[in-house]
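S.K.: Next up, my_file19.cif (mmCIF, C-alpha atoms).
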```
data_structure
#
loop_
_atom_site.group_PDB
_atom_site.id
_atom_site.type_symbol
_atom_site.label_atom_id
_atom_site.label_comp_id
_atom_site.auth_asym_id
_atom_site.auth_seq_id
_atom_site.Cartn_x
_atom_site.Cartn_y
_atom_site.Cartn_z
ATOM 1 C CA LYS S 5 -15.555 -28.179 -19.751
ATOM 2 C CA GLN S 6 -17.391 -31.057 -21.350
ATOM 3 C CA GLU S 7 -19.354 -33.213 -18.911
ATOM 4 C CA VAL S 8 -21.086 -36.420 -19.991
ATOM 5 C CA THR S 9 -23.854 -38.094 -18.011
ATOM 6 C CA GLN S 10 -25.464 -41.457 -18.651
ATOM 7 C CA ILE S 11 -28.794 -42.514 -17.235
ATOM 8 C CA PRO S 12 -29.625 -45.022 -15.915
ATOM 9 C CA ALA S 13 -26.428 -46.301 -14.311
ATOM 10 C CA ALA S 14 -27.784 -49.834 -14.431
ATOM 11 C CA LEU S 15 -30.673 -51.506 -16.192
ATOM 12 C CA SER S 16 -32.064 -55.023 -16.017
ATOM 13 C CA VAL S 17 -34.642 -56.203 -18.553
ATOM 14 C CA PRO S 18 -36.134 -59.533 -19.700
ATOM 15 C CA GLU S 19 -35.069 -60.893 -23.038
ATOM 16 C CA GLY S 20 -36.968 -59.516 -26.012
ATOM 17 C CA GLU S 21 -37.623 -56.053 -24.643
ATOM 18 C CA ASN S 22 -36.805 -52.913 -26.555
ATOM 19 C CA LEU S 23 -34.800 -50.453 -24.492
ATOM 20 C CA VAL S 24 -33.307 -46.966 -24.556
ATOM 21 C CA LEU S 25 -30.060 -45.777 -23.017
ATOM 22 C CA ASN S 26 -29.545 -42.067 -22.506
ATOM 23 C CA CYS S 27 -26.499 -39.850 -22.780
ATOM 24 C CA SER S 28 -26.338 -36.103 -22.145
ATOM 25 C CA PHE S 29 -23.458 -33.684 -22.637
ATOM 26 C CA THR S 30 -22.960 -30.083 -21.594
ATOM 27 C CA ASP S 31 -21.075 -28.599 -24.566
ATOM 28 C CA SER S 32 -23.123 -28.953 -27.735
ATOM 29 C CA ALA S 33 -20.250 -27.832 -29.999
ATOM 30 C CA ILE S 34 -19.215 -31.379 -30.838
ATOM 31 C CA TYR S 35 -17.988 -32.934 -34.080
ATOM 32 C CA ASN S 36 -19.310 -36.383 -33.336
ATOM 33 C CA LEU S 37 -20.542 -38.760 -30.660
ATOM 34 C CA GLN S 38 -19.520 -42.366 -30.279
ATOM 35 C CA TRP S 39 -21.235 -45.260 -28.507
ATOM 36 C CA PHE S 40 -19.147 -48.130 -27.154
ATOM 37 C CA ARG S 41 -19.783 -51.490 -25.590
ATOM 38 C CA GLN S 42 -17.543 -52.890 -22.852
ATOM 39 C CA ASP S 43 -17.726 -56.473 -21.653
ATOM 40 C CA PRO S 44 -16.376 -57.284 -18.176
ATOM 41 C CA GLY S 45 -12.581 -57.276 -18.143
ATOM 42 C CA LYS S 46 -12.396 -56.260 -21.787
ATOM 43 C CA GLY S 47 -11.643 -53.156 -23.799
ATOM 44 C CA LEU S 48 -14.161 -50.957 -25.569
ATOM 45 C CA THR S 49 -15.837 -51.985 -28.816
ATOM 46 C CA SER S 50 -17.077 -49.195 -31.050
ATOM 47 C CA LEU S 51 -20.767 -49.599 -31.863
ATOM 48 C CA LEU S 52 -21.800 -46.429 -33.652
ATOM 49 C CA LEU S 53 -20.338 -43.040 -34.478
ATOM 50 C CA ILE S 54 -22.681 -40.167 -35.290
ATOM 51 C CA GLN S 55 -21.248 -37.132 -37.001
ATOM 52 C CA SER S 56 -22.509 -33.709 -35.952
ATOM 53 C CA SER S 57 -24.342 -33.314 -39.267
ATOM 54 C CA GLN S 58 -26.279 -36.536 -38.743
ATOM 55 C CA ARG S 59 -29.286 -37.176 -36.560
ATOM 56 C CA GLU S 60 -29.025 -40.935 -36.297
ATOM 57 C CA GLN S 61 -27.077 -44.047 -37.186
ATOM 58 C CA THR S 62 -28.226 -47.640 -37.375
ATOM 59 C CA SER S 63 -26.389 -50.930 -37.131
ATOM 60 C CA GLY S 64 -28.468 -54.086 -36.941
ATOM 61 C CA ARG S 65 -30.655 -53.907 -33.833
ATOM 62 C CA LEU S 66 -28.952 -50.731 -32.640
ATOM 63 C CA ASN S 67 -30.052 -47.212 -33.443
ATOM 64 C CA ALA S 68 -28.343 -44.125 -32.053
ATOM 65 C CA SER S 69 -29.780 -40.632 -32.306
ATOM 66 C CA LEU S 70 -28.165 -37.270 -31.716
ATOM 67 C CA ASP S 71 -29.779 -33.957 -30.767
ATOM 68 C CA LYS S 72 -26.944 -31.456 -30.495
ATOM 69 C CA SER S 73 -29.148 -28.520 -29.538
ATOM 70 C CA SER S 74 -30.407 -30.271 -26.422
ATOM 71 C CA GLY S 75 -27.109 -32.034 -25.714
ATOM 72 C CA ARG S 76 -28.585 -35.517 -25.850
ATOM 73 C CA SER S 77 -28.087 -38.855 -27.516
ATOM 74 C CA THR S 78 -29.993 -42.082 -27.152
ATOM 75 C CA LEU S 79 -29.052 -45.653 -27.968
ATOM 76 C CA TYR S 80 -32.021 -47.819 -28.849
ATOM 77 C CA ILE S 81 -31.635 -51.592 -28.662
ATOM 78 C CA ALA S 82 -34.400 -53.600 -30.273
ATOM 79 C CA ALA S 83 -35.405 -57.111 -29.220
ATOM 80 C CA SER S 84 -32.724 -57.378 -26.542
ATOM 81 C CA GLN S 85 -30.818 -60.638 -26.079
ATOM 82 C CA PRO S 86 -28.746 -62.016 -23.185
ATOM 83 C CA GLY S 87 -25.657 -61.453 -25.320
ATOM 84 C CA ASP S 88 -26.361 -57.730 -25.191
ATOM 85 C CA SER S 89 -25.472 -57.719 -21.499
ATOM 86 C CA ALA S 90 -22.530 -55.343 -21.098
ATOM 87 C CA THR S 91 -21.722 -51.779 -20.131
ATOM 88 C CA TYR S 92 -22.557 -49.178 -22.748
ATOM 89 C CA LEU S 93 -20.594 -45.934 -22.810
ATOM 90 C CA CYS S 94 -21.043 -42.779 -24.826
ATOM 91 C CA ALA S 95 -18.220 -40.361 -25.577
ATOM 92 C CA VAL S 96 -17.870 -36.914 -27.128
ATOM 93 C CA PRO S 97 -14.767 -34.921 -28.069
ATOM 94 C CA ARG S 98 -13.307 -32.830 -25.262
ATOM 95 C CA GLY S 99 -13.250 -29.216 -26.392
ATOM 96 C CA GLY S 100 -11.245 -28.725 -29.579
ATOM 97 C CA ASN S 101 -9.140 -31.785 -28.993
ATOM 98 C CA ASN S 102 -9.496 -35.200 -30.528
ATOM 99 C CA ASP S 103 -9.613 -37.113 -27.275
ATOM 100 C CA MET S 104 -12.942 -38.221 -25.918
ATOM 101 C CA ARG S 105 -14.849 -37.398 -22.748
ATOM 102 C CA PHE S 106 -16.707 -40.486 -21.554
ATOM 103 C CA GLY S 107 -19.784 -41.024 -19.474
ATOM 104 C CA ALA S 108 -19.626 -43.540 -16.626
ATOM 105 C CA GLY S 109 -21.709 -45.985 -18.641
ATOM 106 C CA THR S 110 -24.951 -47.909 -18.283
ATOM 107 C CA ARG S 111 -24.579 -51.483 -17.101
ATOM 108 C CA LEU S 112 -27.169 -53.545 -18.965
ATOM 109 C CA THR S 113 -28.318 -57.005 -17.947
ATOM 110 C CA VAL S 114 -30.682 -58.920 -20.226
ATOM 111 C CA LYS S 115 -32.232 -61.888 -18.466
ATOM 112 C CA PRO S 116 -33.144 -65.039 -20.416
ATOM 113 C CA GLU Y 20 -7.165 -56.526 -39.927
ATOM 114 C CA ALA Y 21 -5.544 -56.764 -36.506
ATOM 115 C CA GLY Y 22 -6.918 -54.510 -33.805
ATOM 116 C CA VAL Y 23 -5.057 -52.555 -31.167
ATOM 117 C CA VAL Y 24 -2.726 -54.872 -29.280
ATOM 118 C CA GLN Y 25 -1.748 -54.343 -25.660
ATOM 119 C CA SER Y 26 0.473 -56.243 -23.277
ATOM 120 C CA PRO Y 27 0.518 -57.447 -20.645
ATOM 121 C CA ARG Y 28 -3.178 -58.050 -20.039
ATOM 122 C CA TYR Y 29 -2.718 -58.209 -16.284
ATOM 123 C CA LYS Y 30 -0.018 -56.951 -13.935
ATOM 124 C CA ILE Y 31 0.255 -57.203 -10.163
ATOM 125 C CA ILE Y 32 3.058 -55.309 -8.447
ATOM 126 C CA GLU Y 33 4.041 -54.033 -5.039
ATOM 127 C CA LYS Y 34 3.797 -50.287 -4.433
ATOM 128 C CA LYS Y 35 6.924 -48.314 -5.257
ATOM 129 C CA GLN Y 36 7.819 -50.779 -8.022
ATOM 130 C CA PRO Y 37 8.046 -49.678 -11.655
ATOM 131 C CA VAL Y 38 5.710 -50.991 -14.351
ATOM 132 C CA ALA Y 39 5.438 -50.577 -18.113
ATOM 133 C CA PHE Y 40 2.628 -51.135 -20.591
ATOM 134 C CA TRP Y 41 3.012 -51.630 -24.319
ATOM 135 C CA CYS Y 42 0.646 -50.782 -27.159
ATOM 136 C CA ASN Y 43 0.699 -51.510 -30.874
ATOM 137 C CA PRO Y 44 -1.960 -49.480 -32.715
ATOM 138 C CA ILE Y 45 -3.874 -50.441 -35.816
ATOM 139 C CA SER Y 46 -1.644 -50.220 -38.877
ATOM 140 C CA GLY Y 47 -1.853 -46.802 -40.497
ATOM 141 C CA HIS Y 48 -3.384 -45.069 -37.476
ATOM 142 C CA ASN Y 49 -1.316 -41.989 -36.783
ATOM 143 C CA THR Y 50 -3.059 -40.976 -33.562
ATOM 144 C CA LEU Y 51 -2.536 -42.980 -30.374
ATOM 145 C CA TYR Y 52 -4.147 -42.455 -26.972
ATOM 146 C CA TRP Y 53 -3.521 -43.769 -23.492
ATOM 147 C CA TYR Y 54 -6.524 -43.774 -21.153
ATOM 148 C CA ARG Y 55 -6.962 -44.830 -17.544
ATOM 149 C CA GLN Y 56 -10.233 -46.378 -16.417
ATOM 150 C CA ASN Y 57 -11.101 -46.679 -12.754
ATOM 151 C CA LEU Y 58 -13.711 -49.158 -11.621
ATOM 152 C CA GLY Y 59 -17.233 -48.058 -12.475
ATOM 153 C CA GLN Y 60 -16.101 -45.030 -14.457
ATOM 154 C CA GLY Y 61 -15.459 -44.140 -18.060
ATOM 155 C CA PRO Y 62 -11.906 -43.900 -19.426
ATOM 156 C CA GLU Y 63 -9.971 -40.674 -18.873
ATOM 157 C CA LEU Y 64 -7.249 -39.503 -21.217
ATOM 158 C CA LEU Y 65 -3.648 -39.538 -20.026
ATOM 159 C CA ILE Y 66 -1.803 -38.652 -23.222
ATOM 160 C CA ARG Y 67 -2.409 -38.337 -26.957
ATOM 161 C CA TYR Y 68 0.176 -38.731 -29.735
ATOM 162 C CA GLU Y 69 0.031 -37.490 -33.292
ATOM 163 C CA ASN Y 70 2.651 -39.678 -34.942
ATOM 164 C CA GLU Y 71 5.622 -39.485 -32.557
ATOM 165 C CA GLU Y 72 4.661 -36.148 -31.007
ATOM 166 C CA ALA Y 73 2.821 -35.920 -27.685
ATOM 167 C CA VAL Y 74 0.261 -33.214 -28.463
ATOM 168 C CA ASP Y 75 -1.800 -33.474 -25.273
ATOM 169 C CA ASP Y 76 -0.248 -34.704 -22.031
ATOM 170 C CA SER Y 77 -1.945 -32.219 -19.735
ATOM 171 C CA GLN Y 78 -3.576 -34.983 -17.692
ATOM 172 C CA LEU Y 79 -0.490 -37.169 -17.357
ATOM 173 C CA PRO Y 80 0.923 -37.127 -13.782
ATOM 174 C CA LYS Y 81 4.426 -36.286 -14.874
ATOM 175 C CA ASP Y 82 6.081 -36.876 -11.534
ATOM 176 C CA ARG Y 83 5.670 -40.626 -11.920
ATOM 177 C CA PHE Y 84 4.228 -41.304 -15.360
ATOM 178 C CA SER Y 85 6.088 -41.198 -18.652
ATOM 179 C CA ALA Y 86 5.307 -42.287 -22.181
ATOM 180 C CA GLU Y 87 7.033 -42.574 -25.490
ATOM 181 C CA ARG Y 88 6.121 -43.407 -29.055
ATOM 182 C CA LEU Y 89 9.310 -43.999 -30.933
ATOM 183 C CA LYS Y 90 9.015 -43.985 -34.733
ATOM 184 C CA GLY Y 91 5.361 -43.055 -34.425
ATOM 185 C CA VAL Y 92 4.074 -46.618 -34.151
ATOM 186 C CA ASP Y 93 4.322 -48.602 -30.886
ATOM 187 C CA SER Y 94 4.026 -46.834 -27.573
ATOM 188 C CA THR Y 95 5.057 -47.525 -24.001
ATOM 189 C CA LEU Y 96 3.519 -46.071 -20.857
ATOM 190 C CA LYS Y 97 5.568 -46.275 -17.674
ATOM 191 C CA ILE Y 98 4.827 -45.675 -14.010
ATOM 192 C CA GLN Y 99 7.708 -45.272 -11.581
ATOM 193 C CA PRO Y 100 7.167 -45.649 -8.707
ATOM 194 C CA ALA Y 101 3.654 -47.098 -8.627
ATOM 195 C CA GLU Y 102 1.222 -46.098 -5.882
ATOM 196 C CA LEU Y 103 -1.859 -47.859 -4.561
ATOM 197 C CA GLY Y 104 -4.096 -45.352 -6.320
ATOM 198 C CA ASP Y 105 -2.669 -46.324 -9.696
ATOM 199 C CA SER Y 106 -4.650 -49.560 -9.684
ATOM 200 C CA ALA Y 107 -6.869 -49.306 -12.748
ATOM 201 C CA VAL Y 108 -7.256 -50.523 -16.315
ATOM 202 C CA TYR Y 109 -4.934 -48.786 -18.766
ATOM 203 C CA LEU Y 110 -6.402 -48.618 -22.254
ATOM 204 C CA CYS Y 111 -4.707 -47.780 -25.506
ATOM 205 C CA ALA Y 112 -6.666 -46.519 -28.502
ATOM 206 C CA SER Y 113 -5.822 -45.407 -32.004
ATOM 207 C CA SER Y 114 -7.500 -43.500 -34.797
ATOM 208 C CA VAL Y 115 -7.056 -42.001 -38.213
ATOM 209 C CA ALA Y 116 -8.227 -38.435 -37.946
ATOM 210 C CA SER Y 117 -10.367 -37.652 -40.957
ATOM 211 C CA GLY Y 118 -11.285 -33.991 -40.857
ATOM 212 C CA MET Y 119 -13.306 -33.528 -37.701
ATOM 213 C CA VAL Y 120 -14.439 -37.153 -37.548
ATOM 214 C CA ASN Y 121 -12.293 -39.216 -35.250
ATOM 215 C CA GLU Y 122 -13.457 -42.787 -34.627
ATOM 216 C CA GLN Y 123 -11.322 -44.393 -31.961
ATOM 217 C CA PHE Y 124 -10.587 -48.098 -31.638
ATOM 218 C CA PHE Y 125 -9.532 -49.557 -28.326
ATOM 219 C CA GLY Y 126 -7.298 -52.375 -27.231
ATOM 220 C CA PRO Y 127 -8.259 -54.908 -24.517
ATOM 221 C CA GLY Y 128 -6.439 -52.948 -21.809
ATOM 222 C CA THR Y 129 -3.966 -53.804 -19.073
ATOM 223 C CA ARG Y 130 -5.424 -54.342 -15.620
ATOM 224 C CA LEU Y 131 -2.940 -53.077 -13.041
ATOM 225 C CA THR Y 132 -3.174 -54.035 -9.384
ATOM 226 C CA VAL Y 133 -0.822 -52.292 -6.965
ATOM 227 C CA LEU Y 134 -0.515 -54.018 -3.577
#
```
Here is a file; write its structure as structure tokens.

M.R.:
Amino acid sequence: KQEVTQIPAALSVPEGENLVLNCSFTDSAIYNLQWFRQDPGKGLTSLLLIQSSQREQTSGRLNASLDKSSGRSTLYIAASQPGDSATYLCAVPRGGNNDMRFGAGTRLTVKP
Amino acid sequence: EAGVVQSPRYKIIEKKQPVAFWCNPISGHNTLYWYRQNLGQGPELLIRYENEEAVDDSQLPKDRFSAERLKGVDSTLKIQPAELGDSAVYLCASSVASGMVNEQFFGPGTRLTVL
């Protein structure tokens, strides 16, 4: 059974800091890993998808890495801004199915 | 390109009442998912459709929950009767499965409050 854990549960940083969000999963036999952003009261916005053959993906100030062997992924946010404040969730496929197993998320607050 | 559309955005009902949620996936996406998200947790899958076929409904509480996806496009999720514990955000997502890569796109969700 795939279990996904995200640490920390909450993070508060001053504007401009670089930060790292962590995601770990128990079953390393995954096809991909996806990072999402969720604003309060809103749905999930896909940020990055890393295929199992890749080690990282970049989009603007975001960089996600994947280490399948250790069951870990990190999301790096450079030069954080108040607009980055949201909950960030990682998700991996559940077993051989296409649906995703989600972590509980990291609630990020970037203070001006 | 329009994203995943869901309605209503909010619903407040008394317990034991029925409720229905509607989802219109991204055009061309053959796979549709319904998730439930409780406060402070990640979404959990309720049911997955491949076109009009429900291929994974193992986590759908079938005594009170039902879903359909007629013609393989729009989908409706129903709860009858609703219980207090059903209060949550119900999210719809869609994807185009490309080999083993399956990027999912989510709608804004329906926030259900059962009183």

S.K.: Could you list, as a VMD selection string, the residues of chain Y having an atom within 6 Å of chain S when counting all atoms listed in the file?

M.R.: chain Y and resid 60 to 61 119 125 to 128

S.K.: Restricting the calculation to all atoms listed in the file, which member of S:Thr9, S:Ala82, S:Arg76, S:Trp39 is positioned closest to S:Gln61?

M.R.: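 Distance minimum relative to S:Gln61 lands on S:Trp39.
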
S.K.: Enumerate, as a PDB file with C-alpha atoms, in the coordinates of the input, the residues matched when the PyMOL selection byres ((chain Y and resi 58) around 10) is run on the file above.

M.R.:
```pdb
ATOM      1  CA  ALA S 108     -19.626 -43.540 -16.626  1.00  0.00           C
TER       2      ALA S 108
ATOM      3  CA  ARG Y  55      -6.962 -44.830 -17.544  1.00  0.00           C
ATOM      4  CA  GLN Y  56     -10.233 -46.378 -16.417  1.00  0.00           C
ATOM      5  CA  ASN Y  57     -11.101 -46.679 -12.754  1.00  0.00           C
ATOM      6  CA  GLY Y  59     -17.233 -48.058 -12.475  1.00  0.00           C
ATOM      7  CA  GLN Y  60     -16.101 -45.030 -14.457  1.00  0.00           C
ATOM      8  CA  GLY Y  61     -15.459 -44.140 -18.060  1.00  0.00           C
ATOM      9  CA  PRO Y  62     -11.906 -43.900 -19.426  1.00  0.00           C
ATOM     10  CA  SER Y 106      -4.650 -49.560  -9.684  1.00  0.00           C
ATOM     11  CA  ALA Y 107      -6.869 -49.306 -12.748  1.00  0.00           C
ATOM     12  CA  VAL Y 108      -7.256 -50.523 -16.315  1.00  0.00           C
TER      13      VAL Y 108
END
```

S.K.: For the file shown, what are the residues hit by the PyMOL selection byres ((chain Y and resi 112-114) around 10), laid out as a ChimeraX atom specification?

M.R.: /S:47-48,102-103 /Y:22-25,42-54,67-69,110-111,115-117,120-128

S.K.: Edge lengths and centre, in Å to one decimal, as AutoDock Vina command-line options: that's what I need for the box along x, y and z that holds all listed atoms of stretch 26-31 of chain Y plus 6 Å on each side.

M.R.:
```
--center_x -1.3 --center_y -57.2 --center_z -16.7 --size_x 15.7 --size_y 14.0 --size_z 25.1
```

S.K.: Could you check how far atom CA of Y:Ile31 sits from atom CA of Y:Leu134, in Å to one decimal?

M.R.: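 Atom CA of Y:Leu134 lies 7.4 Å from atom CA of Y:Ile31.
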
S.K.: Which is closest to S:Thr78 among S:Lys115, S:Arg41, S:Arg59, S:Lys5, if we use all atoms listed in the file?

M.R.: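 Among the listed residues, S:Arg59 lies closest to S:Thr78.
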
S.K.: Using the chain letters and numbers from the file, which residues does the PyMOL selection byres ((chain S and resi 89) around 7) grab, as a list of chain:residue names?

M.R.: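 Expected selection for the PyMOL selection byres ((chain S and resi 89) around 7) here is S:Pro86, S:Gly87, S:Asp88, S:Ala90, S:Leu112, S:Thr113, S:Val114.
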
S.K.: Mind pulling up the distance from atom CA of Y:Asp75 to atom CA of Y:Ala101?

M.R.: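 Those two atoms sit 22.2 Å apart.
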
S.K.: Could you state the separation of atom CA of Y:Tyr109 and atom CA of S:Ala33 in Å, given to one decimal place?

M.R.: 28.3 Å

S.K.: Closest to S:Glu7 among S:Asp71, S:Glu60, S:Asp43, S:Asp31, using all atoms listed in the file?

M.R.: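 With all atoms listed in the file as the atom set, the closest residue is S:Asp31.
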